[in-house]
Structures are given as C-alpha cells and as structure tokens.
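Below you'll find the structure, written out as structure tokens, and then a few comments.
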Amino acid sequence: MNPKYLSLMVAAALSAAAMNANASGYRFGSQSVSGQGTADANTAEAADASTVFANPAGMSRLDGMQITGGITAVIPHSKYTDSGSKHFTGAPTGGVTTTDDYAPNAVAAPNLYGTMKLNDQWAVGLGIFVPYGAKLDYDNNWAGRYALTKIDLKSITINPSVSFKLNEQHSFGFGIDAEYMKAELGQAVDVPGTVQFLSTPANLANPAIAARRAALLQAIVLAGGNPAALAGVKDGHATMDGKDWGVGFNVGYMFNLTKDTRFGISYRSSVHHELKGSAVWDFSTVTADPKVNAVLQASSRKANSPALVDLRTPETLSISWFTQVDDKLALMADVTGTRHTRMQNLNIQFVGTTEGDEVIRQNWKKTIRASLGMNYKLNDAWKLRAGVALDESPVPDETKRHAALPDSDRMQLSFGANWKLSPNSSIDMAYTFMKFDSANANYTNQCNTLAPAHSCTGNGETTTGTWNTRMQLLGLAYNYKF
C-alpha cells in the first residue's frame with residue numbers, strides 16, 4: 001500500500017483537522033486556553049491576544065501591547081475492537097483484534113500571540129499556533145495493519161494580522177497564514193495475501209494467474225532462491241514522510257450593537273499544499289531468504305521513490321455573538337461551518353515508477369460545530385468560564401472511515417478560569433471533556449497488490465471494526481499587558 005498515503009491523510013487531516021482536539025477532521029482545535037474554557041464559544045469576546053486566531057477584528061478592542069502564551073495537553077483514551085478485517089482474498093487478516101495503546105498518553109500543543117494598538121483605529125498582531133495534528137501508533141500486527149500502522153502529523157501556522165476600527169460599531173481584521181506541515185506514515189504490505197492468492201488451486205484454474213505464479217517461481221529459482229521459503233511469508237512494510245509550506249489568509253468583522261453586545265464573523269481560507277516526500281518499501285524480513293525477498297519486491301513493483309500529493313485544505317466560516325449581561329455574567333455563542341467537501345478522493349503519486357496512483361476514498365461532508373458559553377466574575381481576582389459544544393464529523397459513513405482518522409460526532413464540556421495576578425498579568429486555566437460517538441468502520445481499499453502496472457496501488461484490504469474514544473484537555477496560559 002502506498003506509504004504516501006500519509007501525505008494524503010495529512011492533507012486530509014487538514015480537513016480544516018487522529019487524536020484531534022476540539023474540532024472535527026485533523027484540525028487541532030485548541031488554539032486558545034481562554035477559548036477552551038468556553039468550548040470556543042467566545043470568538044466575539046476578544047478576551048486577550050488570541051483573538052488573532054479567533055477573529056482578527058477583535059484586536060481593535062485590546063489596549064496597548066498584549067501577549068498571551070499557552071499550552072494545551074491532550075489526553076486521549078481510545079479502544080479499537082476488530083469485527084472481521086480481511087485480506088483482499090477474503091481471508092481474515094488475523095493479528096491483534098483488540099487494542100487500546102495506539103494513542104499517545106498525552107500530546108501538547110503550544111500557542112503564542114501578541115497584539116499592539118498603533119492608534120485609535122489601527123492594531124497589529126502575530127499568532128503562532130498548531131492548526132492540525134494526528135498521532136497514532138498501532139501494533140505492526142494489528143488486524144488493520146494493511147490500512148495503517150502509524151501516522152504522525154505535525155503542523156504550525158504563523159499568522160501576522162492587522163485590524164482597522166472604522167467607528168464605534170464596525171471593526172475589520174485581516175491576516176496571512178503561513179502554514180507548515182510535516183507527516184510520517186507507516187503501513188504493512190500484504191505479501192501473504194498475494195502469495196496465498198497465487199497458490200490457491202481454484203485461482204490456478206485461471207491461465208493468467210497460473211502463468212503469474214509460474215513466472216514468480218521461475219524468477220526465484222533463477223535468482224538462486226528457494227521457493228519453499230514462500231510457505232512462511234510475512235508482511236512487507238512501507239514508510240513515508242512529506243513536508244510543505246502553504247499560504248492562506250483569514251478575515252474578520254465585528255459589529256457592536258451596544259457597548260455590551262456584539263456580533264462577529266470570521267473566515268479562514270483554504271490552503272494549497274503540495275506535500276513532497278519519499279516512499280520507502282522494506283521487504284527484507286518477508287521470508288528468511290534474502291533472494292526470495294528481492295524477487296518478491298521486484299515483482300510487486302514497489303520501488304523506493306519520491307512521492308507527491310496535491311491538495312487544498314477546507315475553509316471555515318464562523319458566526320459568533322457575545323453579550324455582557326451585567327457586571328458579573330457574560331453569555332456567548334459560536335457556530336462554525338467547515339467545508340470538508342474539499343477532501344474528496346485523494347490521489348497519491350509515486351514519481352518515476354510504474355506504480356499507479358493510490359486513490360483514498362474520503363468524500364468528506366461539510367460540518368457544523370455549535371457552542372454556547374458563559375463567563376462569571378466571581379470577584380476582582382477570579383473569572384469563571386464554562387461552555388458546551390456539539391461537533392459533527394466530516395466522515396460520511398463507515399465505508400469512508402479510515403484508521404488514520406477514526407473520527408465521529410462528539411460532545412464537548414469545558415470549564416475554565418482566569419486568575420488576575422496583577423493589574424497587568426493573569427493566568428488562564430481550562431479543562432475539557434470530550435465524548436465521541438462509537439466510530440464503526442468498514443473501509444475497503446479498491447485496489448489490490450496484483451493490479452497491473454500504471455493502474456493503481458493498494459493492498460485491497462477491508463478494515464472492519466469500531467473505535468470508542470473519549471478525550472480530556474488541560475490548558476494553561478499566561479497573559480500580560482504592557
């Protein structure tokens with residue numbers, strides 16, 4: 001199977017978002033600790049410099065120079081139970097059928113923001129944050145290994161921004177997104193299924209299959225190998241890495257209905273990525289005979305090569321509301337739509353080889369995320385936060401749910417607090433619990449290892465099982481006003 005698939009999934013991930021926070025797809029949705037405390041319902045609040053991400057128009061509400069630096073720890077708990085994964089031959093893949101140690105114990109995502117008010121109308125800012133992330137490491141012998149054994153997606157965005165306050169009611173913001181991504185993927189190659197298919201008596205009644213088996217055995221003998229080694233054949237392995245910089249933009253608008261109530265609209269564009277990397281195929285442990293291994297790799301046409309995926313990430317549009325009810329209580333809401341339909345079929349190219357593209361069937365759908373939140377000023381030192389959100393998954397059904405992103409609809413409950421240390425400094429804290437719906441998969445790769453040259457690449461596997469996931473997030477940030 002094409003190791004470049006990772007690149008693809010990386011992009012797919014960009015679906016913005018396999019252990020992701022607060023947002024569907026691969027989007028890593030915790031770019032603000034103050035926002036996390038309200039389940040990200042506070043995009044029209046402009047509570048601190050993280051408004052650079054949420055809505056750059058909010059910078060017009062911040063006085064002087066401000067900085068916010070935070071980190072969010074994501075603590076996933078996930079279990080996979082297999083219910084009949086198969087080789088392309090229809091035989092069970094075997095291997096580990098229940099596993100709960102493929103997700104990391106914890107991953108951390110930092111963020112840093114700064115804003116400066118230039119005058120009564122203009123302000124500038126800079127944000128550095130993690131937009132997407134995925135990290136899964138399955139057992140090399142798990143039942144779904146022909147789809148994936150490992151994925152590690154890392155990214156960072158540098159987001160310089162500017163805002164303009166037209167008058168007391170209208171403010172506008174604009175930013176440039178310079179986005180870097182790096183991805184690594186691993187997966188098994190179904191050599192056992194291929195050998196089994198070429199050795200089954202019923203299949204050998206087909207002259208073309210019989211001729212292919214005879215040619216394989218002849219090549220092994222001519223190379224000085226022992227065909228008997230095929231009896232103990234094992235999986236091959238593929239690895240891939242890819243990286244790229246892409247550029248996009250974000251815009252925002254805020255309308256102050258009164259001094260205590262405002263509405264916001266923010267948009268973050270699609271980003272074009274051309275992920276480039278290398279595909280490496282390892283057949284060195286397929287059998288105990290190195291000469292047999294070399295013949296099997298040559299006959300599979302799996303040659304180390306550059307790999308390429310061209311894609312665009314989905315854009316997002318958010319509509320938000322904030323109102324300060326009285327001196328203590330504030331209410332807020334946000335609705336964000338994501339155009340995940342950007343992620344249809346993804347074609348992975350193996351440059352300079354006779355391998356055809358691997359086509360990953362995503363066909364993701366548009367999604368809506370809705371959140372409600374509140375602030376409560378307990379006293380001069382403490383402000384409490386809470387929020388709840390419902391978030392749709394872009395995966396349309398179990399036939400499109402891949403092991404790289406076992407995503408599903410989820411519910412989020414968040415609590416937070418701001419502790420004012422001095423007139424110029426404060427600390428934000430947040431805790432989030434997320435519960436995902438059971439994620440059933442019945443994903444079939446529609447190309448197998450015996451496909452003709454230049455046609456396609458794939459293992460032809462069917463991964464059938466269920467992921468059950470919950471997640472906790474712990475956020476901590478420091479704010480300072482100069």
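We name chains A, B, ... following the order of the structure tokens; residues begin at 1 in each chain, and ligands are numbered from 1 as shown.
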Do you have, as a Markdown table, the list of residues of stretch 166-201 of chain A lying at most 10 Å from stretch 77-87 of chain A, each with its nearest atom pair and that distance in Å to one decimal, counting only C-alpha atoms and ordered by chain then number?
| residue | atom | partner | partner_atom | distance |
| --- | --- | --- | --- | --- |
| A:Asp190 | CA | A:His87 | CA | 7.6 |
| A:Pro192 | CA | A:His87 | CA | 8.9 |
| A:Gly193 | CA | A:His87 | CA | 6.1 |
| A:Thr194 | CA | A:His87 | CA | 9.0 |
| A:Phe197 | CA | A:His87 | CA | 9.9 |
Next on the checklist: Please list as a PyMOL selection string every residue within 12 Å of stretch 464-468 of chain A, counting only C-alpha atoms and excluding residues in the same chain fewer than 6 positions away.
Outcome noted: chain A and resi 18-19+76-87+92-93+96-100+102-103+142-147+398-410+434-445
Next on the checklist: What's around A:Tyr180 at 9 Å? Count only C-alpha atoms, leave out sequence neighbours fewer than 2 positions away in its own chain, and write the answer as a list of chain:residue names.
Outcome noted: A:Lys154, A:Ser155, A:Ile156, A:Thr157, A:Ile158, A:Ala178, A:Lys182, A:Lys243, A:Asp244, A:Trp245, A:Gly246, A:Val247
Checklist entry - DSSP says strand (DSSP E or B) for which residues of stretch 88-263 of chain A? Put them as an NGL selection string? => result :A and (92 or 96 or 98-99 or 107-117 or 122-129 or 132 or 134-137 or 142 or 150-165 or 170-189 or 236-256 or 261-263)
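Pairwise distance (atom CA of A:Val351, atom CA of A:Ala188) equals 20.5 Å.
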Where does stretch 344-383 of chain A meet stretch 289-309 of chain A within 12 Å, residue by residue, with the nearest atom pair and distance in Å to one decimal for each, counting only C-alpha atoms, listed by chain and rising number, as CSV?
residue,atom,partner,partner_atom,distance
A:Asn345,CA,A:Val309,CA,11.4
A:Leu346,CA,A:Val309,CA,7.7
A:Asn347,CA,A:Val309,CA,6.6
A:Ile348,CA,A:Val309,CA,5.1
A:Gln349,CA,A:Leu308,CA,5.2
A:Phe350,CA,A:Ala307,CA,4.7
A:Val351,CA,A:Pro306,CA,5.4
A:Gly352,CA,A:Ser305,CA,7.0
A:Thr353,CA,A:Ala303,CA,7.1
A:Thr354,CA,A:Arg301,CA,6.9
A:Glu355,CA,A:Arg301,CA,6.7
A:Gly356,CA,A:Arg301,CA,10.2
A:Asp357,CA,A:Leu308,CA,9.8
A:Glu358,CA,A:Val309,CA,10.2
A:Val359,CA,A:Val309,CA,10.7
A:Ile360,CA,A:Val309,CA,11.2
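Picture a line from atom CA of A:Thr462 to atom CA of A:Val233; it runs 20.4 Å.
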Next on the checklist: For stretch 391-395 of chain A, find every residue with an atom within 9 Å (counting only C-alpha atoms), except residues of its own chain fewer than 2 positions away, and show them as number ranges by chain.
Outcome noted: A: 15, 22-25, 338, 340-341, 362-371, 389, 397-398, 400-401, 405-412
